[in-house]
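Raw run.pdb, PDB, C-alpha atoms and all ligand atoms:
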```pdb
MODEL        1
ATOM      1  CA  MET A1168     -73.792  36.602  19.043
ATOM      2  CA  ILE A1169     -76.752  34.243  19.357
ATOM      3  CA  LYS A1170     -78.514  33.623  16.077
ATOM      4  CA  PHE A1171     -82.008  32.307  15.441
ATOM      5  CA  SER A1172     -83.444  30.786  12.299
ATOM      6  CA  SER A1173     -86.560  32.441  10.899
ATOM      7  CA  LEU A1174     -87.595  29.438   8.805
ATOM      8  CA  ASP A1175     -90.913  27.675   9.373
ATOM      9  CA  TRP A1176     -89.543  24.723  11.350
ATOM     10  CA  SER A1177     -92.938  23.664  12.676
ATOM     11  CA  LYS A1178     -94.019  22.853   9.117
ATOM     12  CA  THR A1179     -90.796  20.948   8.353
ATOM     13  CA  LEU A1180     -91.071  19.108  11.635
ATOM     14  CA  SER A1181     -94.608  17.940  10.920
ATOM     15  CA  VAL A1182     -93.508  16.737   7.448
ATOM     16  CA  VAL A1183     -90.649  14.774   8.994
ATOM     17  CA  GLN A1184     -92.825  13.372  11.770
ATOM     18  CA  GLY A1185     -95.065  11.885   9.094
ATOM     19  CA  SER A1186     -92.187  10.240   7.220
ATOM     20  CA  GLN A1187     -90.092   7.100   7.793
ATOM     21  CA  GLY A1188     -86.560   8.455   7.804
ATOM     22  CA  GLU A1189     -83.407   6.341   7.729
ATOM     23  CA  VAL A1190     -82.422   4.503  10.895
ATOM     24  CA  ARG A1191     -78.731   4.565  11.884
ATOM     25  CA  THR A1192     -77.348   2.198  14.456
ATOM     26  CA  ILE A1193     -74.200   0.296  15.312
ATOM     27  CA  GLY A1194     -74.640  -2.542  12.801
ATOM     28  CA  ALA A1195     -72.581  -3.512   9.774
ATOM     29  CA  ASP A1196     -74.967  -1.495   7.605
ATOM     30  CA  PHE A1197     -73.622   1.734   9.072
ATOM     31  CA  TYR A1198     -74.250   4.639   6.735
ATOM     32  CA  GLU A1199     -71.421   5.393   4.299
ATOM     33  CA  ASN A1200     -68.552   3.385   5.703
ATOM     34  CA  LYS A1201     -67.413   1.768   2.467
ATOM     35  CA  ASP A1202     -63.674   1.967   3.180
ATOM     36  CA  GLY A1203     -64.033   1.316   6.918
ATOM     37  CA  ARG A1204     -63.224   4.873   7.970
ATOM     38  CA  PHE A1205     -65.835   4.737  10.735
ATOM     39  CA  ASP A1206     -64.565   1.383  12.098
ATOM     40  CA  GLU A1207     -62.411   2.972  14.802
ATOM     41  CA  ILE A1208     -65.398   4.793  16.242
ATOM     42  CA  ILE A1209     -67.652   1.739  16.025
ATOM     43  CA  LYS A1210     -64.971  -0.186  17.935
ATOM     44  CA  LEU A1211     -64.996   2.476  20.678
ATOM     45  CA  TRP A1212     -68.762   2.045  20.977
ATOM     46  CA  ILE A1213     -68.667  -1.755  21.041
ATOM     47  CA  ASP A1214     -65.768  -1.805  23.543
ATOM     48  CA  ALA A1215     -67.779   0.514  25.793
ATOM     49  CA  GLY A1216     -70.681  -1.924  25.689
ATOM     50  CA  TYR A1217     -73.084  -0.144  23.380
ATOM     51  CA  THR A1218     -75.568  -2.321  21.505
ATOM     52  CA  THR A1219     -78.118  -1.740  18.756
ATOM     53  CA  ASN A1220     -80.683  -1.451  21.510
ATOM     54  CA  LYS A1221     -79.066   1.782  22.758
ATOM     55  CA  VAL A1222     -77.487   3.266  19.634
ATOM     56  CA  GLU A1223     -80.004   4.805  17.294
ATOM     57  CA  TRP A1224     -80.772   7.986  15.502
ATOM     58  CA  ILE A1225     -83.000   8.542  12.511
ATOM     59  CA  ASN A1226     -81.938  10.820   9.661
ATOM     60  CA  PHE A1227     -84.141  12.779   7.286
ATOM     61  CA  TYR A1228     -82.768  14.442   4.148
ATOM     62  CA  PRO A1229     -83.821  17.515   2.153
ATOM     63  CA  GLY A1230     -85.277  16.604  -1.216
ATOM     64  CA  LYS A1231     -86.073  13.127   0.063
ATOM     65  CA  HIS A1232     -87.938  13.490   3.351
ATOM     66  CA  PHE A1233     -88.557  17.251   3.490
ATOM     67  CA  ASP A1234     -88.449  20.344   1.272
ATOM     68  CA  LYS A1235     -85.063  20.708  -0.467
ATOM     69  CA  ASN A1236     -85.426  24.482  -0.342
ATOM     70  CA  ILE A1237     -84.994  24.498   3.450
ATOM     71  CA  GLU A1238     -81.294  23.807   2.877
ATOM     72  CA  ASN A1239     -80.894  26.774   0.529
ATOM     73  CA  LEU A1240     -82.828  29.097   2.831
ATOM     74  CA  PHE A1241     -80.798  28.042   5.860
ATOM     75  CA  ALA A1242     -77.573  28.503   3.838
ATOM     76  CA  GLN A1243     -78.635  32.117   3.253
ATOM     77  CA  GLU A1244     -79.289  32.607   6.969
ATOM     78  CA  VAL A1245     -75.731  31.573   7.839
ATOM     79  CA  SER A1246     -74.184  33.118   4.688
ATOM     80  CA  LEU A1247     -72.696  29.885   3.365
ATOM     81  CA  ASN A1248     -72.880  27.695   0.290
ATOM     82  CA  PRO A1249     -74.666  24.460   1.173
ATOM     83  CA  ILE A1250     -72.918  21.090   0.987
ATOM     84  CA  ARG A1251     -75.210  18.812   2.903
ATOM     85  CA  SER A1252     -77.758  18.913   5.667
ATOM     86  CA  TRP A1253     -80.093  16.600   7.484
ATOM     87  CA  ILE A1254     -82.502  16.366  10.378
ATOM     88  CA  SER A1255     -81.629  13.885  13.100
ATOM     89  CA  CYS A1256     -84.086  12.360  15.523
ATOM     90  CA  VAL A1257     -83.053  10.643  18.753
ATOM     91  CA  ARG A1258     -85.940   8.774  20.307
ATOM     92  CA  PRO A1259     -86.432   8.379  24.076
ATOM     93  CA  GLY A1260     -83.950   5.845  25.500
ATOM     94  CA  LYS A1261     -81.609   6.108  22.505
ATOM     95  CA  SER A1262     -78.175   7.701  22.036
ATOM     96  CA  ALA A1263     -75.776   8.757  19.340
ATOM     97  CA  PRO A1264     -72.556   7.935  21.231
ATOM     98  CA  TRP A1265     -69.508  10.205  21.065
ATOM     99  CA  HIS A1266     -68.213  10.407  17.481
ATOM    100  CA  GLN A1267     -67.000  12.544  14.608
ATOM    101  CA  ASP A1268     -69.074  12.897  11.437
ATOM    102  CA  ILE A1269     -66.862  10.970   9.051
ATOM    103  CA  ASP A1270     -68.472  10.026   5.777
ATOM    104  CA  ASP A1271     -67.241   8.671   2.476
ATOM    105  CA  ASP A1272     -67.339  12.036   0.702
ATOM    106  CA  LEU A1273     -65.341  14.045   3.238
ATOM    107  CA  GLU A1274     -62.486  14.740   0.789
ATOM    108  CA  ILE A1275     -64.961  16.147  -1.746
ATOM    109  CA  TYR A1276     -66.360  18.563   0.853
ATOM    110  CA  GLN A1277     -62.871  19.624   1.966
ATOM    111  CA  SER A1278     -61.899  20.458  -1.602
ATOM    112  CA  LYS A1279     -64.676  23.067  -1.802
ATOM    113  CA  GLY A1280     -63.207  25.522   0.685
ATOM    114  CA  ASP A1281     -63.498  26.653   4.285
ATOM    115  CA  LEU A1282     -66.022  24.292   5.882
ATOM    116  CA  LYS A1283     -68.433  25.411   8.586
ATOM    117  CA  LYS A1284     -71.054  23.484  10.472
ATOM    118  CA  TYR A1285     -74.203  24.595  12.248
ATOM    119  CA  THR A1286     -76.968  22.890  14.180
ATOM    120  CA  CYS A1287     -80.418  24.367  14.667
ATOM    121  CA  ASN A1288     -82.807  23.395  17.457
ATOM    122  CA  ILE A1289     -86.034  22.683  15.674
ATOM    123  CA  ASN A1290     -88.274  21.304  18.360
ATOM    124  CA  HIS A1291     -89.469  22.970  21.532
ATOM    125  CA  PRO A1292     -87.175  22.382  24.502
ATOM    126  CA  SER A1293     -88.107  19.152  26.246
ATOM    127  CA  HIS A1294     -86.658  17.553  29.382
ATOM    128  CA  GLY A1295     -84.047  14.822  29.045
ATOM    129  CA  GLN A1296     -82.762  15.745  25.560
ATOM    130  CA  VAL A1297     -79.070  16.583  25.421
ATOM    131  CA  PHE A1298     -76.730  17.396  22.572
ATOM    132  CA  MET A1299     -73.000  17.813  23.158
ATOM    133  CA  ILE A1300     -70.217  19.213  20.976
ATOM    134  CA  ASP A1301     -66.632  19.089  22.239
ATOM    135  CA  LYS A1302     -66.794  20.599  25.773
ATOM    136  CA  GLN A1303     -70.238  22.155  25.420
ATOM    137  CA  CYS A1304     -73.581  20.659  26.381
ATOM    138  CA  TYR A1305     -76.785  22.031  24.838
ATOM    139  CA  TYR A1306     -79.883  21.462  26.921
ATOM    140  CA  MET A1307     -83.344  23.048  26.913
ATOM    141  CA  GLU A1308     -82.201  25.337  24.133
ATOM    142  CA  PRO A1309     -84.797  27.704  22.692
ATOM    143  CA  ARG A1310     -86.423  26.622  19.472
ATOM    144  CA  THR A1311     -84.759  27.919  16.271
ATOM    145  CA  LYS A1312     -81.509  28.802  18.083
ATOM    146  CA  ILE A1313     -78.515  28.170  15.817
ATOM    147  CA  ILE A1314     -75.385  26.567  17.272
ATOM    148  CA  GLU A1315     -72.071  27.159  15.511
ATOM    149  CA  TRP A1316     -69.686  24.215  15.759
ATOM    150  CA  PRO A1317     -66.119  25.033  16.925
ATOM    151  CA  ASP A1318     -64.924  22.812  14.073
ATOM    152  CA  TYR A1319     -66.865  20.808  11.481
ATOM    153  CA  MET A1320     -64.989  17.697  12.641
ATOM    154  CA  SER A1321     -65.634  18.232  16.355
ATOM    155  CA  TRP A1322     -66.460  15.177  18.422
ATOM    156  CA  HIS A1323     -70.085  15.182  19.518
ATOM    157  CA  GLY A1324     -72.939  13.053  20.785
ATOM    158  CA  ALA A1325     -76.596  13.107  21.765
ATOM    159  CA  SER A1326     -78.752  11.287  24.228
ATOM    160  CA  ASN A1327     -82.434  11.268  25.021
ATOM    161  CA  CYS A1328     -83.611  10.261  28.491
ATOM    162  CA  GLY A1329     -86.803  12.233  28.079
ATOM    163  CA  PHE A1330     -90.271  11.372  26.833
ATOM    164  CA  GLU A1331     -90.363  12.959  23.382
ATOM    165  CA  ASN A1332     -88.380  12.628  20.154
ATOM    166  CA  HIS A1333     -85.470  15.056  19.864
ATOM    167  CA  TYR A1334     -85.107  16.661  16.447
ATOM    168  CA  LEU A1335     -82.122  18.737  15.309
ATOM    169  CA  TYR A1336     -81.213  20.199  11.922
ATOM    170  CA  HIS A1337     -77.519  19.930  10.966
ATOM    171  CA  PHE A1338     -75.909  21.893   8.147
ATOM    172  CA  LEU A1339     -72.480  21.699   6.525
ATOM    173  CA  GLY A1340     -71.454  24.510   4.190
ATOM    174  CA  TYR A1341     -68.488  26.436   2.866
ATOM    175  CA  ARG A1342     -67.484  30.029   2.222
TER     176      ARG A1342
HETATM  177 FE    FE A1401     -72.919  13.090  14.190
ENDMDL
END
```
Mind turning the file's structure into C-alpha cells?
Ligand SMILES: [Fe+2]
Amino acid sequence: MIKFSSLDWSKTLSVVQGSQGEVRTIGADFYENKDGRFDEIIKLWIDAGYTTNKVEWINFYPGKHFDKNIENLFAQEVSLNPIRSWISCVRPGKSAPWHQDIDDDLEIYQSKGDLKKYTCNINHPSHGQVFMIDKQCYYMEPRTKIIEWPDYMSWHGASNCGFENHYLYHFLGYR
C-alpha cells in the first residue's frame, strides 16, 4: 500500500533551505566514525575513484535546523516510536555513493526493539534526482510519498544530475 505524509513539508523545506545544514563528504571528518566502523565503506569509495568534489550531501536535523515536532508527527504517521531522523540534500553534480547507514550509536538503537526505516519525498519531483535502496530506484516520485525500506541496514545511494537540490526526509524508529 502506498502511503503519503500529510505534514506541511513545504514549510519545513523552506526552513531548511534558509539554513546552513551539516556537510558530509569523504574526508577524515566523516560524521560519527569514532571507532572506524565506516572505514570499509570509505575505502570502497576511494578505491572507486570518488573524491570530495563528487561526494557530498548536506544533513539537517530536527530541533537544530527544523521543527523537532516534525519527527514526532511523522512517527505517528508510520505508527512507530522515533529514534532519529534527518533531511538530506544532494546538490546538482553530487552523490552519496553506495553505503549502509552505520553510525556510532547503532547498538543503542538496536537495543530498543524492532527497527524500521522510512524515507519521505519532500520536494516536488525534478529531473535527474535519483535515490536507490537495495534493488529499487526511486525517480520522479510524487511529493510526500513514503518509502518503506526493506531493511534499516539496506545498502543505498543517491545521485543528482539535475538542476535543483534534492531533499529527502529519513526516519528511523522502532515498534
Ligand atoms: Fe545513507
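Among the candidate residues A:Asn1327, A:Ser1181, A:Gln1277, A:Asn1226, the one lying nearest to Cys1256 in chain A is A:Asn1226, with distances computed using all atoms listed in the file.
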(message) As a check of understanding, name the residues that the PyMOL selection byres (((chain A and resi 1333) around 8) and not hetatm) selects in the supplied structure, as an NGL selection string.
(response) :A and (1255-1259 or 1290 or 1296 or 1327 or 1331-1332 or 1334-1335)
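Checking A:Trp1322, A:Phe1205, A:Phe1241, A:Tyr1228 one by one against ligand FE 1401 (chain A), counting only C-alpha atoms and all ligand atoms, you find the shortest gap at A:Trp1322.
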So what does the PyMOL selection byres (((not hetatm)) within 9 of (chain A and resi 1401)) actually pick up in this one, as a CSV table (one decimal) with C-alpha atoms, in the coordinates of the input?
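Output contents, as saved in part_14.csv:
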```csv
chain,number,residue,atom,x,y,z
A,1255,SER,CA,-81.6,13.9,13.1
A,1263,ALA,CA,-75.8,8.8,19.3
A,1264,PRO,CA,-72.6,7.9,21.2
A,1265,TRP,CA,-69.5,10.2,21.1
A,1266,HIS,CA,-68.2,10.4,17.5
A,1267,GLN,CA,-67.0,12.5,14.6
A,1268,ASP,CA,-69.1,12.9,11.4
A,1269,ILE,CA,-66.9,11.0,9.1
A,1322,TRP,CA,-66.5,15.2,18.4
A,1323,HIS,CA,-70.1,15.2,19.5
A,1324,GLY,CA,-72.9,13.1,20.8
A,1325,ALA,CA,-76.6,13.1,21.8
A,1337,HIS,CA,-77.5,19.9,11.0
```
Could you list, with a cut-off of 12 Å and counting all atoms listed in the file, the residues of range 1174-1193 of chain A near range 1206-1219 of chain A, each shown with its nearest atom pair and the distance in Å rounded to one decimal, rows sorted by chain and ascending number, as JSON lines?
```
{"residue": "A:Val1190", "atom": "CA", "partner": "A:Thr1219", "partner_atom": "CA", "distance": 10.9}
{"residue": "A:Arg1191", "atom": "CA", "partner": "A:Thr1219", "partner_atom": "CA", "distance": 9.3}
{"residue": "A:Thr1192", "atom": "CA", "partner": "A:Thr1219", "partner_atom": "CA", "distance": 5.9}
{"residue": "A:Ile1193", "atom": "CA", "partner": "A:Thr1219", "partner_atom": "CA", "distance": 5.6}
```
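Between CA of Arg1310 in chain A and CA of Glu1189 in chain A the interatomic distance comes to 23.6 Å.
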Write out as CSV the residues of range 1236-1289 of chain A that have any atom within 9 Å of an atom of range 1168-1178 of chain A, one row each with the nearest atom pair and its distance in Å to one decimal, counting all atoms listed in the file, sorted by chain and then rising number.
```
residue,atom,partner,partner_atom,distance
A:Ile1237,CA,A:Leu1174,CA,7.7
A:Leu1240,CA,A:Leu1174,CA,7.7
A:Phe1241,CA,A:Ser1172,CA,7.5
A:Glu1244,CA,A:Ser1172,CA,7.0
A:Val1245,CA,A:Lys1170,CA,8.9
A:Cys1287,CA,A:Ser1172,CA,7.5
A:Ile1289,CA,A:Trp1176,CA,5.9
```
(request) Go through the shown structure with the PyMOL selection byres (((chain A and resi 1305) around 12) and not hetatm) and write out the matching residues as a VMD selection string. (result) chain A and resid 1286 to 1288 1292 to 1304 1306 to 1310 1312 to 1316 1323 to 1326 1335
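When all atoms listed in the file are used to measure the gap to Ser1246 in chain A, the shortest distance among A:Tyr1319, A:Tyr1285, A:Tyr1336, A:Phe1330 belongs to A:Tyr1285.
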Any chance you could work out the axis-aligned box around range 1220-1225 of chain A, listed atoms only, 8 Å on each side, giving centre and edge lengths in Å to one decimal, as JSON?
```
{"center_x": -80.2, "center_y": 3.5, "center_z": 17.6, "size_x": 21.5, "size_y": 26.0, "size_z": 26.2}
```
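Distance annotation: of A:Leu1247, A:Met1320, A:Ile1254, A:Val1183, the residue with the minimal separation from Gly1280 in chain A is A:Leu1247; atom set is only C-alpha atoms.
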Completion of range 1199-1228 of chain A up to N, CA and C atoms, as a PDB file, in the coordinates of the input:
```
ATOM      1  N   GLU A1199     -72.634   4.908   4.950  1.00  0.00           N
ATOM      2  CA  GLU A1199     -71.421   5.393   4.299  1.00  0.00           C
ATOM      3  C   GLU A1199     -70.160   5.060   5.089  1.00  0.00           C
ATOM      4  N   ASN A1200     -69.792   3.805   5.051  1.00  0.00           N
ATOM      5  CA  ASN A1200     -68.552   3.385   5.703  1.00  0.00           C
ATOM      6  C   ASN A1200     -67.871   2.377   4.775  1.00  0.00           C
ATOM      7  N   LYS A1201     -67.860   2.724   3.491  1.00  0.00           N
ATOM      8  CA  LYS A1201     -67.413   1.768   2.467  1.00  0.00           C
ATOM      9  C   LYS A1201     -65.957   1.354   2.654  1.00  0.00           C
ATOM     10  N   ASP A1202     -65.092   2.319   3.020  1.00  0.00           N
ATOM     11  CA  ASP A1202     -63.674   1.967   3.180  1.00  0.00           C
ATOM     12  C   ASP A1202     -63.291   1.757   4.643  1.00  0.00           C
ATOM     13  N   GLY A1203     -64.309   1.635   5.509  1.00  0.00           N
ATOM     14  CA  GLY A1203     -64.033   1.316   6.918  1.00  0.00           C
ATOM     15  C   GLY A1203     -63.548   2.494   7.745  1.00  0.00           C
ATOM     16  N   ARG A1204     -63.742   3.706   7.255  1.00  0.00           N
ATOM     17  CA  ARG A1204     -63.224   4.873   7.970  1.00  0.00           C
ATOM     18  C   ARG A1204     -63.942   5.153   9.293  1.00  0.00           C
ATOM     19  N   PHE A1205     -65.108   4.541   9.475  1.00  0.00           N
ATOM     20  CA  PHE A1205     -65.835   4.737  10.735  1.00  0.00           C
ATOM     21  C   PHE A1205     -65.569   3.590  11.720  1.00  0.00           C
ATOM     22  N   ASP A1206     -64.771   2.589  11.278  1.00  0.00           N
ATOM     23  CA  ASP A1206     -64.565   1.383  12.098  1.00  0.00           C
ATOM     24  C   ASP A1206     -63.996   1.672  13.489  1.00  0.00           C
ATOM     25  N   GLU A1207     -63.051   2.639  13.530  1.00  0.00           N
ATOM     26  CA  GLU A1207     -62.411   2.972  14.802  1.00  0.00           C
ATOM     27  C   GLU A1207     -63.438   3.450  15.831  1.00  0.00           C
ATOM     28  N   ILE A1208     -64.366   4.262  15.347  1.00  0.00           N
ATOM     29  CA  ILE A1208     -65.398   4.793  16.242  1.00  0.00           C
ATOM     30  C   ILE A1208     -66.375   3.684  16.648  1.00  0.00           C
ATOM     31  N   ILE A1209     -66.747   2.848  15.702  1.00  0.00           N
ATOM     32  CA  ILE A1209     -67.652   1.739  16.025  1.00  0.00           C
ATOM     33  C   ILE A1209     -67.001   0.824  17.067  1.00  0.00           C
ATOM     34  N   LYS A1210     -65.691   0.635  16.953  1.00  0.00           N
ATOM     35  CA  LYS A1210     -64.971  -0.186  17.935  1.00  0.00           C
ATOM     36  C   LYS A1210     -65.044   0.458  19.334  1.00  0.00           C
ATOM     37  N   LEU A1211     -64.881   1.769  19.394  1.00  0.00           N
ATOM     38  CA  LEU A1211     -64.996   2.476  20.678  1.00  0.00           C
ATOM     39  C   LEU A1211     -66.359   2.204  21.308  1.00  0.00           C
ATOM     40  N   TRP A1212     -67.397   2.257  20.485  1.00  0.00           N
ATOM     41  CA  TRP A1212     -68.762   2.045  20.977  1.00  0.00           C
ATOM     42  C   TRP A1212     -68.940   0.607  21.480  1.00  0.00           C
ATOM     43  N   ILE A1213     -68.490  -0.341  20.672  1.00  0.00           N
ATOM     44  CA  ILE A1213     -68.667  -1.755  21.041  1.00  0.00           C
ATOM     45  C   ILE A1213     -67.858  -2.082  22.308  1.00  0.00           C
ATOM     46  N   ASP A1214     -66.609  -1.573  22.358  1.00  0.00           N
ATOM     47  CA  ASP A1214     -65.768  -1.805  23.543  1.00  0.00           C
ATOM     48  C   ASP A1214     -66.396  -1.211  24.800  1.00  0.00           C
ATOM     49  N   ALA A1215     -67.127  -0.118  24.639  1.00  0.00           N
ATOM     50  CA  ALA A1215     -67.779   0.514  25.793  1.00  0.00           C
ATOM     51  C   ALA A1215     -69.078  -0.187  26.177  1.00  0.00           C
ATOM     52  N   GLY A1216     -69.500  -1.134  25.355  1.00  0.00           N
ATOM     53  CA  GLY A1216     -70.681  -1.924  25.689  1.00  0.00           C
ATOM     54  C   GLY A1216     -71.975  -1.487  25.026  1.00  0.00           C
ATOM     55  N   TYR A1217     -71.862  -0.555  24.079  1.00  0.00           N
ATOM     56  CA  TYR A1217     -73.084  -0.144  23.380  1.00  0.00           C
ATOM     57  C   TYR A1217     -73.619  -1.271  22.493  1.00  0.00           C
ATOM     58  N   THR A1218     -74.921  -1.335  22.372  1.00  0.00           N
ATOM     59  CA  THR A1218     -75.568  -2.321  21.505  1.00  0.00           C
ATOM     60  C   THR A1218     -76.581  -1.604  20.604  1.00  0.00           C
ATOM     61  N   THR A1219     -77.118  -2.336  19.662  1.00  0.00           N
ATOM     62  CA  THR A1219     -78.118  -1.740  18.756  1.00  0.00           C
ATOM     63  C   THR A1219     -79.370  -1.299  19.519  1.00  0.00           C
ATOM     64  N   ASN A1220     -79.537  -1.845  20.698  1.00  0.00           N
ATOM     65  CA  ASN A1220     -80.683  -1.451  21.510  1.00  0.00           C
ATOM     66  C   ASN A1220     -80.560  -0.008  22.018  1.00  0.00           C
ATOM     67  N   LYS A1221     -79.312   0.432  22.214  1.00  0.00           N
ATOM     68  CA  LYS A1221     -79.066   1.782  22.758  1.00  0.00           C
ATOM     69  C   LYS A1221     -78.738   2.799  21.670  1.00  0.00           C
ATOM     70  N   VAL A1222     -77.957   2.338  20.669  1.00  0.00           N
ATOM     71  CA  VAL A1222     -77.487   3.266  19.634  1.00  0.00           C
ATOM     72  C   VAL A1222     -78.528   3.390  18.535  1.00  0.00           C
ATOM     73  N   GLU A1223     -79.065   4.576  18.397  1.00  0.00           N
ATOM     74  CA  GLU A1223     -80.004   4.805  17.294  1.00  0.00           C
ATOM     75  C   GLU A1223     -80.274   6.284  17.123  1.00  0.00           C
ATOM     76  N   TRP A1224     -80.196   6.702  15.875  1.00  0.00           N
ATOM     77  CA  TRP A1224     -80.772   7.986  15.502  1.00  0.00           C
ATOM     78  C   TRP A1224     -81.360   7.801  14.122  1.00  0.00           C
ATOM     79  N   ILE A1225     -82.307   8.659  13.792  1.00  0.00           N
ATOM     80  CA  ILE A1225     -83.000   8.542  12.511  1.00  0.00           C
ATOM     81  C   ILE A1225     -82.739   9.818  11.715  1.00  0.00           C
ATOM     82  N   ASN A1226     -82.256   9.655  10.497  1.00  0.00           N
ATOM     83  CA  ASN A1226     -81.938  10.820   9.661  1.00  0.00           C
ATOM     84  C   ASN A1226     -82.998  11.062   8.584  1.00  0.00           C
ATOM     85  N   PHE A1227     -83.217  12.332   8.333  1.00  0.00           N
ATOM     86  CA  PHE A1227     -84.141  12.779   7.286  1.00  0.00           C
ATOM     87  C   PHE A1227     -83.391  13.772   6.401  1.00  0.00           C
ATOM     88  N   TYR A1228     -83.564  13.633   5.077  1.00  0.00           N
ATOM     89  CA  TYR A1228     -82.768  14.442   4.148  1.00  0.00           C
ATOM     90  C   TYR A1228     -83.627  15.369   3.296  1.00  0.00           C
TER      91      TYR A1228
END
```
